[in-house]
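S.K.: For reference, the file my_file_37.cif (mmCIF, C-alpha atoms (C1' of nucleotides)) is included below:
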```
data_query
#
loop_
_atom_site.group_PDB
_atom_site.id
_atom_site.type_symbol
_atom_site.label_atom_id
_atom_site.label_comp_id
_atom_site.auth_asym_id
_atom_site.auth_seq_id
_atom_site.Cartn_x
_atom_site.Cartn_y
_atom_site.Cartn_z
ATOM 1 C CA MET A 21 0.000 0.000 0.000
ATOM 2 C CA LYS A 22 1.500 3.275 -1.149
ATOM 3 C CA ILE A 23 0.538 6.194 1.120
ATOM 4 C CA ALA A 24 1.557 9.792 0.390
ATOM 5 C CA THR A 25 1.336 13.229 1.967
ATOM 6 C CA PHE A 26 1.340 16.392 -0.164
ATOM 7 C CA ASN A 27 0.818 20.016 0.869
ATOM 8 C CA ILE A 28 -0.527 21.347 -2.437
ATOM 9 C CA ASN A 29 -0.855 25.040 -1.469
ATOM 10 C CA GLY A 30 -4.253 25.614 -3.081
ATOM 11 C CA ILE A 31 -6.211 22.963 -5.015
ATOM 12 C CA LYS A 32 -7.511 25.399 -7.640
ATOM 13 C CA ALA A 33 -4.005 26.527 -8.575
ATOM 14 C CA ARG A 34 -2.559 23.019 -8.303
ATOM 15 C CA LEU A 35 -5.130 20.724 -9.908
ATOM 16 C CA GLY A 36 -3.030 19.996 -13.007
ATOM 17 C CA ALA A 37 0.142 19.450 -11.008
ATOM 18 C CA LEU A 38 -1.761 17.110 -8.682
ATOM 19 C CA THR A 39 -3.430 14.999 -11.377
ATOM 20 C CA ASP A 40 -0.144 14.742 -13.319
ATOM 21 C CA TRP A 41 1.565 13.449 -10.197
ATOM 22 C CA LEU A 42 -1.297 11.059 -9.333
ATOM 23 C CA GLU A 43 -1.131 9.551 -12.822
ATOM 24 C CA GLU A 44 2.589 8.880 -12.682
ATOM 25 C CA ALA A 45 3.020 7.983 -8.978
ATOM 26 C CA ARG A 46 -0.262 6.051 -8.639
ATOM 27 C CA PRO A 47 -0.394 6.217 -4.827
ATOM 28 C CA ASP A 48 -3.162 4.192 -3.163
ATOM 29 C CA VAL A 49 -3.844 6.874 -0.567
ATOM 30 C CA VAL A 50 -2.944 10.566 -0.424
ATOM 31 C CA VAL A 51 -3.475 13.063 2.368
ATOM 32 C CA LEU A 52 -3.542 16.651 1.132
ATOM 33 C CA GLN A 53 -2.979 19.848 3.087
ATOM 34 C CA GLU A 54 -3.735 23.506 2.343
ATOM 35 C CA ILE A 55 -6.505 22.771 -0.148
ATOM 36 C CA LYS A 56 -7.629 26.377 0.563
ATOM 37 C CA SER A 57 -11.153 25.513 -0.523
ATOM 38 C CA VAL A 58 -14.567 24.840 0.917
ATOM 39 C CA ASP A 59 -15.809 21.290 0.382
ATOM 40 C CA GLU A 60 -18.300 22.364 -2.310
ATOM 41 C CA GLY A 61 -15.543 24.129 -4.267
ATOM 42 C CA PHE A 62 -13.156 21.174 -4.366
ATOM 43 C CA PRO A 63 -12.706 19.817 -7.940
ATOM 44 C CA ARG A 64 -13.631 16.234 -7.145
ATOM 45 C CA GLU A 65 -14.409 14.998 -10.646
ATOM 46 C CA PRO A 66 -10.946 15.056 -12.295
ATOM 47 C CA ILE A 67 -9.587 13.171 -9.286
ATOM 48 C CA GLU A 68 -12.475 10.707 -9.131
ATOM 49 C CA ASP A 69 -11.905 10.059 -12.849
ATOM 50 C CA LEU A 70 -8.456 8.719 -11.895
ATOM 51 C CA GLY A 71 -10.100 6.157 -9.615
ATOM 52 C CA TYR A 72 -9.974 7.968 -6.292
ATOM 53 C CA THR A 73 -12.576 8.407 -3.605
ATOM 54 C CA VAL A 74 -12.381 12.015 -2.361
ATOM 55 C CA GLU A 75 -13.051 13.033 1.261
ATOM 56 C CA THR A 76 -12.487 16.693 2.136
ATOM 57 C CA HIS A 77 -12.465 18.838 5.251
ATOM 58 C CA GLY A 78 -12.177 22.380 3.953
ATOM 59 C CA GLN A 79 -12.776 26.000 4.863
ATOM 60 C CA LYS A 80 -12.816 29.276 2.957
ATOM 61 C CA GLY A 81 -9.475 30.670 1.866
ATOM 62 C CA PHE A 82 -7.019 28.931 4.128
ATOM 63 C CA ASN A 83 -6.024 25.574 5.592
ATOM 64 C CA GLY A 84 -8.151 22.570 4.600
ATOM 65 C CA VAL A 85 -7.223 18.882 4.325
ATOM 66 C CA ALA A 86 -8.388 15.901 2.268
ATOM 67 C CA ILE A 87 -7.947 12.173 1.755
ATOM 68 C CA LEU A 88 -7.843 10.601 -1.707
ATOM 69 C CA SER A 89 -7.998 6.811 -1.904
ATOM 70 C CA ARG A 90 -8.214 4.061 -4.516
ATOM 71 C CA LEU A 91 -8.947 1.600 -1.689
ATOM 72 C CA PRO A 92 -12.214 1.512 0.275
ATOM 73 C CA LEU A 93 -12.521 4.005 3.145
ATOM 74 C CA GLU A 94 -14.441 3.477 6.364
ATOM 75 C CA ASP A 95 -15.012 5.572 9.487
ATOM 76 C CA VAL A 96 -14.032 8.964 8.015
ATOM 77 C CA ARG A 97 -13.573 11.534 10.796
ATOM 78 C CA ARG A 98 -13.055 15.298 10.461
ATOM 79 C CA GLY A 99 -11.416 17.624 12.980
ATOM 80 C CA LEU A 100 -8.829 16.987 15.681
ATOM 81 C CA PRO A 101 -10.605 16.078 18.937
ATOM 82 C CA GLY A 102 -10.152 18.094 22.097
ATOM 83 C CA ASP A 103 -11.509 21.601 21.350
ATOM 84 C CA ASP A 104 -15.036 22.025 19.992
ATOM 85 C CA SER A 105 -14.421 25.765 19.524
ATOM 86 C CA ASP A 106 -11.537 25.176 17.039
ATOM 87 C CA GLU A 107 -12.888 26.029 13.575
ATOM 88 C CA GLN A 108 -9.666 25.558 11.599
ATOM 89 C CA ALA A 109 -9.774 22.590 9.182
ATOM 90 C CA ARG A 110 -6.523 20.772 9.911
ATOM 91 C CA TRP A 111 -7.338 17.094 10.527
ATOM 92 C CA ILE A 112 -9.010 14.251 8.642
ATOM 93 C CA GLU A 113 -8.670 10.514 9.151
ATOM 94 C CA ALA A 114 -10.120 7.286 7.810
ATOM 95 C CA LEU A 115 -9.685 3.536 7.955
ATOM 96 C CA VAL A 116 -8.202 2.314 4.660
ATOM 97 C CA VAL A 117 -9.124 -1.277 3.838
ATOM 98 C CA GLY A 118 -6.072 -2.921 2.275
ATOM 99 C CA ASP A 119 -5.704 -6.393 0.763
ATOM 100 C CA GLN A 120 -3.894 -7.778 3.795
ATOM 101 C CA THR A 121 -4.935 -5.453 6.589
ATOM 102 C CA ALA A 122 -6.682 -2.197 7.351
ATOM 103 C CA VAL A 123 -4.595 0.906 8.070
ATOM 104 C CA ARG A 124 -5.817 3.997 9.881
ATOM 105 C CA VAL A 125 -4.544 6.997 7.913
ATOM 106 C CA CYS A 126 -4.600 10.424 9.546
ATOM 107 C CA GLY A 127 -3.873 13.579 7.540
ATOM 108 C CA LEU A 128 -2.848 16.698 9.439
ATOM 109 C CA TYR A 129 -1.886 20.314 8.823
ATOM 110 C CA LEU A 130 -0.198 21.503 12.003
ATOM 111 C CA PRO A 131 -0.397 25.276 12.655
ATOM 112 C CA ASN A 132 2.559 27.354 11.429
ATOM 113 C CA GLY A 133 2.716 29.341 14.672
ATOM 114 C CA ASN A 134 4.534 32.448 13.483
ATOM 115 C CA PRO A 135 5.116 34.991 14.817
ATOM 116 C CA ALA A 136 6.489 33.508 18.042
ATOM 117 C CA PRO A 137 5.880 34.334 20.767
ATOM 118 C CA GLY A 138 2.236 35.330 20.391
ATOM 119 C CA PRO A 139 -1.298 33.949 20.146
ATOM 120 C CA LYS A 140 -0.572 32.004 16.964
ATOM 121 C CA TYR A 141 2.321 30.242 18.670
ATOM 122 C CA ASP A 142 0.147 29.511 21.705
ATOM 123 C CA TYR A 143 -2.414 27.943 19.332
ATOM 124 C CA LYS A 144 0.307 25.815 17.724
ATOM 125 C CA LEU A 145 1.503 24.437 21.052
ATOM 126 C CA ALA A 146 -2.055 23.799 22.253
ATOM 127 C CA TRP A 147 -2.820 21.986 18.974
ATOM 128 C CA MET A 148 0.263 19.822 19.472
ATOM 129 C CA GLU A 149 -1.008 18.858 22.930
ATOM 130 C CA ARG A 150 -4.291 17.718 21.358
ATOM 131 C CA LEU A 151 -2.319 15.846 18.688
ATOM 132 C CA ARG A 152 -0.419 14.041 21.443
ATOM 133 C CA ASP A 153 -3.702 12.950 23.007
ATOM 134 C CA ARG A 154 -4.962 11.551 19.679
ATOM 135 C CA ALA A 155 -1.574 9.896 19.089
ATOM 136 C CA ARG A 156 -1.744 8.182 22.477
ATOM 137 C CA ASP A 157 -5.201 6.819 21.671
ATOM 138 C CA LEU A 158 -3.985 5.528 18.293
ATOM 139 C CA LEU A 159 -1.130 3.641 19.962
ATOM 140 C CA ALA A 160 -3.541 2.085 22.444
ATOM 141 C CA GLU A 161 -5.413 0.473 19.540
ATOM 142 C CA GLU A 162 -2.261 -1.562 18.743
ATOM 143 C CA GLU A 163 -3.161 -1.514 15.040
ATOM 144 C CA PRO A 164 -1.362 -0.191 11.940
ATOM 145 C CA ALA A 165 -1.865 3.586 11.870
ATOM 146 C CA ILE A 166 -0.021 6.550 10.417
ATOM 147 C CA MET A 167 -0.167 10.279 11.068
ATOM 148 C CA ALA A 168 1.029 12.070 7.932
ATOM 149 C CA GLY A 169 1.108 15.673 6.861
ATOM 150 C CA ASP A 170 2.669 19.095 7.102
ATOM 151 C CA TYR A 171 3.821 19.241 10.719
ATOM 152 C CA ASN A 172 5.393 22.697 10.381
ATOM 153 C CA VAL A 173 8.186 21.306 12.577
ATOM 154 C CA ILE A 174 11.884 21.037 11.685
ATOM 155 C CA PRO A 175 12.778 18.193 14.066
ATOM 156 C CA GLN A 176 16.581 18.474 14.064
ATOM 157 C CA PRO A 177 19.298 20.831 12.749
ATOM 158 C CA GLU A 178 20.086 18.345 9.966
ATOM 159 C CA ASP A 179 16.511 18.821 8.734
ATOM 160 C CA CYS A 180 17.308 22.279 7.338
ATOM 161 C CA ALA A 181 20.026 23.685 5.112
ATOM 162 C CA ASP A 182 20.604 26.788 7.236
ATOM 163 C CA PRO A 183 19.727 26.185 10.907
ATOM 164 C CA LYS A 184 20.861 29.660 11.988
ATOM 165 C CA ALA A 185 18.283 31.261 9.695
ATOM 166 C CA TRP A 186 15.493 29.348 11.485
ATOM 167 C CA ALA A 187 16.682 29.860 15.069
ATOM 168 C CA ASP A 188 13.808 32.154 16.121
ATOM 169 C CA ASP A 189 11.153 30.645 13.872
ATOM 170 C CA ALA A 190 8.083 28.837 15.227
ATOM 171 C CA LEU A 191 9.015 25.807 13.084
ATOM 172 C CA PHE A 192 12.358 25.338 14.851
ATOM 173 C CA LEU A 193 12.132 26.821 18.352
ATOM 174 C CA PRO A 194 13.275 24.423 21.103
ATOM 175 C CA GLU A 195 9.748 24.309 22.556
ATOM 176 C CA THR A 196 8.344 23.272 19.149
ATOM 177 C CA ARG A 197 10.926 20.555 18.652
ATOM 178 C CA ALA A 198 10.423 19.262 22.203
ATOM 179 C CA ALA A 199 6.663 19.030 21.674
ATOM 180 C CA PHE A 200 7.210 17.059 18.447
ATOM 181 C CA GLN A 201 9.740 14.794 20.137
ATOM 182 C CA ARG A 202 7.292 14.081 22.977
ATOM 183 C CA ILE A 203 4.837 12.743 20.392
ATOM 184 C CA VAL A 204 7.452 10.607 18.622
ATOM 185 C CA ASN A 205 8.662 9.334 21.987
ATOM 186 C CA LEU A 206 5.261 7.812 22.710
ATOM 187 C CA GLY A 207 6.366 5.092 20.304
ATOM 188 C CA PHE A 208 6.152 6.375 16.714
ATOM 189 C CA THR A 209 8.592 5.788 13.878
ATOM 190 C CA ASP A 210 9.606 8.666 11.574
ATOM 191 C CA ALA A 211 9.398 6.820 8.244
ATOM 192 C CA LEU A 212 12.044 8.877 6.439
ATOM 193 C CA ARG A 213 14.637 8.604 9.191
ATOM 194 C CA ALA A 214 13.926 4.889 9.653
ATOM 195 C CA THR A 215 14.686 4.089 6.024
ATOM 196 C CA THR A 216 17.428 6.448 4.861
ATOM 197 C CA ALA A 217 20.568 8.116 6.139
ATOM 198 C CA ALA A 218 20.743 10.401 3.122
ATOM 199 C CA PRO A 219 21.624 14.037 3.936
ATOM 200 C CA GLU A 220 19.706 17.104 2.745
ATOM 201 C CA THR A 221 16.361 15.342 2.575
ATOM 202 C CA TYR A 222 14.050 18.338 2.433
ATOM 203 C CA THR A 223 10.331 18.536 1.654
ATOM 204 C CA PHE A 224 9.791 22.337 1.407
ATOM 205 C CA TRP A 225 11.622 25.100 -0.399
ATOM 206 C CA ASP A 226 10.438 28.711 -0.094
ATOM 207 C CA TYR A 227 9.290 30.494 -3.249
ATOM 208 C CA GLN A 228 11.611 33.383 -2.387
ATOM 209 C CA ARG A 229 15.328 33.950 -2.859
ATOM 210 C CA GLY A 230 15.910 31.016 -5.188
ATOM 211 C CA ALA A 231 15.550 28.533 -2.347
ATOM 212 C CA TRP A 232 14.940 25.566 -4.677
ATOM 213 C CA GLU A 233 17.836 26.370 -6.987
ATOM 214 C CA ARG A 234 20.150 26.672 -3.978
ATOM 215 C CA ASN A 235 18.622 23.631 -2.199
ATOM 216 C CA ASN A 236 17.891 25.873 0.759
ATOM 217 C CA GLY A 237 15.144 23.605 2.075
ATOM 218 C CA ILE A 238 13.617 22.236 5.255
ATOM 219 C CA ARG A 239 12.057 18.870 6.181
ATOM 220 C CA ILE A 240 8.636 19.541 7.700
ATOM 221 C CA ASP A 241 6.372 16.958 6.005
ATOM 222 C CA HIS A 242 6.492 13.771 8.044
ATOM 223 C CA LEU A 243 4.887 10.324 8.276
ATOM 224 C CA LEU A 244 4.788 8.910 11.813
ATOM 225 C CA LEU A 245 3.951 5.205 12.162
ATOM 226 C CA THR A 246 2.654 3.118 15.047
ATOM 227 C CA PRO A 247 4.767 -0.007 15.746
ATOM 228 C CA GLN A 248 2.232 -2.172 13.908
ATOM 229 C CA ALA A 249 2.609 0.041 10.803
ATOM 230 C CA ALA A 250 6.385 0.374 11.171
ATOM 231 C CA ASP A 251 6.702 -3.427 11.103
ATOM 232 C CA ARG A 252 5.229 -3.304 7.589
ATOM 233 C CA LEU A 253 7.346 -0.372 6.330
ATOM 234 C CA ASN A 254 9.252 -1.031 3.112
ATOM 235 C CA GLY A 255 10.589 2.412 2.277
ATOM 236 C CA CYS A 256 10.042 6.146 2.214
ATOM 237 C CA THR A 257 10.558 8.454 -0.761
ATOM 238 C CA ILE A 258 10.569 12.225 -1.226
ATOM 239 C CA ASP A 259 9.472 13.166 -4.759
ATOM 240 C CA SER A 260 11.816 16.164 -4.822
ATOM 241 C CA ALA A 261 11.719 16.602 -8.600
ATOM 242 C CA VAL A 262 8.102 17.797 -8.389
ATOM 243 C CA ARG A 263 9.419 21.083 -6.926
ATOM 244 C CA GLY A 264 11.214 21.877 -10.196
ATOM 245 C CA ARG A 265 8.104 21.712 -12.404
ATOM 246 C CA GLU A 266 5.822 24.444 -13.745
ATOM 247 C CA LYS A 267 3.674 26.181 -11.127
ATOM 248 C CA PRO A 268 4.839 23.918 -8.284
ATOM 249 C CA SER A 269 3.664 23.862 -4.689
ATOM 250 C CA ASP A 270 6.364 24.952 -2.264
ATOM 251 C CA HIS A 271 6.104 21.428 -0.751
ATOM 252 C CA VAL A 272 6.704 18.083 -2.522
ATOM 253 C CA PRO A 273 5.015 14.688 -2.021
ATOM 254 C CA VAL A 274 6.468 12.234 0.504
ATOM 255 C CA TRP A 275 5.274 8.632 0.409
ATOM 256 C CA ILE A 276 5.769 5.277 2.084
ATOM 257 C CA GLU A 277 5.310 1.703 0.901
ATOM 258 C CA LEU A 278 3.627 -0.608 3.412
ATOM 259 C CA ASP A 279 3.009 -4.370 3.252
ATOM 260 C CA ALA A 280 -0.718 -4.003 3.760
ATOM 261 C "C1'" DA B 20 15.859 43.803 -2.385
ATOM 262 C "C1'" DT B 21 10.082 43.094 3.298
ATOM 263 C "C1'" DG B 22 12.814 39.500 -2.800
ATOM 264 C "C1'" DT B 23 7.024 34.847 -3.907
ATOM 265 C "C1'" DC B 24 2.900 32.684 -4.001
ATOM 266 C "C1'" DG B 25 -2.545 31.693 -3.470
ATOM 267 C "C1'" DT B 26 -6.879 33.372 -1.992
ATOM 268 C "C1'" DA B 27 -10.609 36.807 -0.997
ATOM 269 C "C1'" DA B 28 -12.931 41.039 -1.850
ATOM 270 C "C1'" DC B 29 -17.049 47.002 -1.777
ATOM 271 C "C1'" DG B 30 -11.398 43.814 -7.115
ATOM 272 C "C1'" DT B 31 -7.938 46.848 -12.418
ATOM 273 C "C1'" DT B 32 -5.182 46.558 -5.934
ATOM 274 C "C1'" DT B 33 -4.601 45.554 -1.240
ATOM 275 C "C1'" DA B 34 -4.511 42.507 2.808
ATOM 276 C "C1'" DC B 35 -3.459 38.324 4.833
ATOM 277 C "C1'" DG B 36 -1.289 33.883 5.723
ATOM 278 C "C1'" DA B 37 2.460 31.207 4.726
#
```
Go through the file and emit its structure as structure tokens.
M.R.:
Amino acid sequence: MKIATFNINGIKARLGALTDWLEEARPDVVVLQEIKSVDEGFPREPIEDLGYTVETHGQKGFNGVAILSRLPLEDVRRGLPGDDSDEQARWIEALVVGDQTAVRVCGLYLPNGNPAPGPKYDYKLAWMERLRDRARDLLAEEEPAIMAGDYNVIPQPEDCADPKAWADDALFLPETRAAFQRIVNLGFTDALRATTAAPETYTFWDYQRGAWERNNGIRIDHLLLTPQAADRLNGCTIDSAVRGREKPSDHVPVWIELDA
DNA sequence: ATGTCGTAACGTTTACGA
């Protein structure tokens, strides 16, 4: 089972880039972030025509997540539990029924948090606390599950080309990294780090200052696996070349292959 | 060089979020 995460930075501007990539990569499941669309405005048909079921959790203008799947979906849930007053669309999950086993796939768009300190950073840290609660519940199920998406967290200095430039940024502050590590430490496997020692494995390059051409990137799109999913992990790939195409997102797809 | 995008809106341009 091939499962991908892709922050597309606006579905209306990225539909062609997305369908091109779906046709060539043929992932079984994709979690999307920053669809920047309400559910009714999401262009379902061109994606359904490629064989995908489309489940969205959108809002006007910003944020928004989705799951695309060629395999049957059950138990689709929208919104991260823990705060009924939170109206930002940043979480969607579903049970994907594979040939060998079912896998719970969670797609997330963790708050950016800048500027820090401030209310946006407070919201980021509070959201990460709620994520930890959901993560703990997933582990308790003792089933294959993954939490994939744009975490807006640079876990370690080696996850960015220029650590000094990110020192005061909400994506790299010690408190951010500690909160991410606390989640991983519950018992999750970072799929990329578990399968490759390659340096300079970035997933995002800013549109500004020729970041892509200079490989001035950061690794912020992650797939975290429960032990039961990690036991089935066959590899993890960053489709970096997508960043060099026409009208690219500033993120690229990251995907794993599971025996499932 | 506060440098690029995508989206929304009292839209031919500005504000916001990233």
S.K.: So how far away is CA of Leu243 (chain A) from CA of Ala45 (chain A), in Å?
M.R.: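 Rounded to one decimal, the two atoms are 17.5 Å apart.
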S.K.: What residues in chain A have any atom no more than 12 Å from chain B when counting all atoms listed in the file, and can you write them as a PyMOL selection string?
M.R.: chain A and resi 27-34+54-58+79-83+131-135+140+172+191+224-231+267-271
S.K.: In Å, how far is it from CA of Gln53 (chain A) to CA of Gly127 (chain A)?
M.R.: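 Separating CA of Gln53 (chain A) from CA of Gly127 (chain A) is a distance of 7.7 Å.
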S.K.: Rounded to one decimal in Å, what is the spacing between CA of Arg263 (chain A) and CA of Asp179 (chain A)?
M.R.: 17.3 Å
S.K.: Determine the residue membership of the PyMOL selection byres ((chain A and resi 113) around 9) for the file above and supply it as a PyMOL selection string.
M.R.: chain A and resi 51+86-87+95-99+111-112+114-115+124-128+167
S.K.: Quick one: 3 Å padding each side, axis-aligned, all listed atoms of chain B - centre and edge lengths in Å to one decimal, as lines of an AutoDock Vina configuration file?
M.R.:
```
center_x = -0.6
center_y = 39.1
center_z = -3.3
size_x = 38.9
size_y = 21.8
size_z = 24.1
```
S.K.: Which one of A:Asp279, A:Glu220, A:Asp259, A:Glu75 sits closest to Val123 (chain A) if you count only C-alpha atoms?
M.R.: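 Closest candidate: A:Asp279.
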S.K.: Please write the residues picked by the PyMOL selection byres ((chain A and resi 239) around 8) on this file as number ranges by chain.
M.R.: A: 173-175, 179-180, 221-224, 237-238, 240-242
S.K.: To test your reading of the syntax: which residues would the PyMOL selection byres ((chain A and resi 275) around 6) return for the file shown? Reply as a PyMOL selection string.
M.R.: chain A and resi 23-24+256-257+274+276
S.K.: So that I can see what lies close to Asp48 (chain A), please list as a PyMOL selection string the residues with an atom at most 7 Å from it, counting all atoms listed in the file and leaving out residues fewer than 4 positions away in the same chain.
M.R.: chain A and resi 21-23+89-91
S.K.: Export, as a PDB file, in the coordinates of the input, the selected residues with C-alpha atoms.
M.R.:
```pdb
ATOM      1  CA  MET A  21       0.000   0.000   0.000  1.00  0.00           C
ATOM      2  CA  LYS A  22       1.500   3.275  -1.149  1.00  0.00           C
ATOM      3  CA  ILE A  23       0.538   6.194   1.120  1.00  0.00           C
ATOM      4  CA  SER A  89      -7.998   6.811  -1.904  1.00  0.00           C
ATOM      5  CA  ARG A  90      -8.214   4.061  -4.516  1.00  0.00           C
ATOM      6  CA  LEU A  91      -8.947   1.600  -1.689  1.00  0.00           C
TER       7      LEU A  91
END
```
S.K.: Between A:Ala165, A:Ala198, A:Val116, A:Ala187, which is the closest to Asp251 (chain A) once you count only C-alpha atoms?
M.R.: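 The answer is A:Ala165, which sits nearest to Asp251 (chain A).
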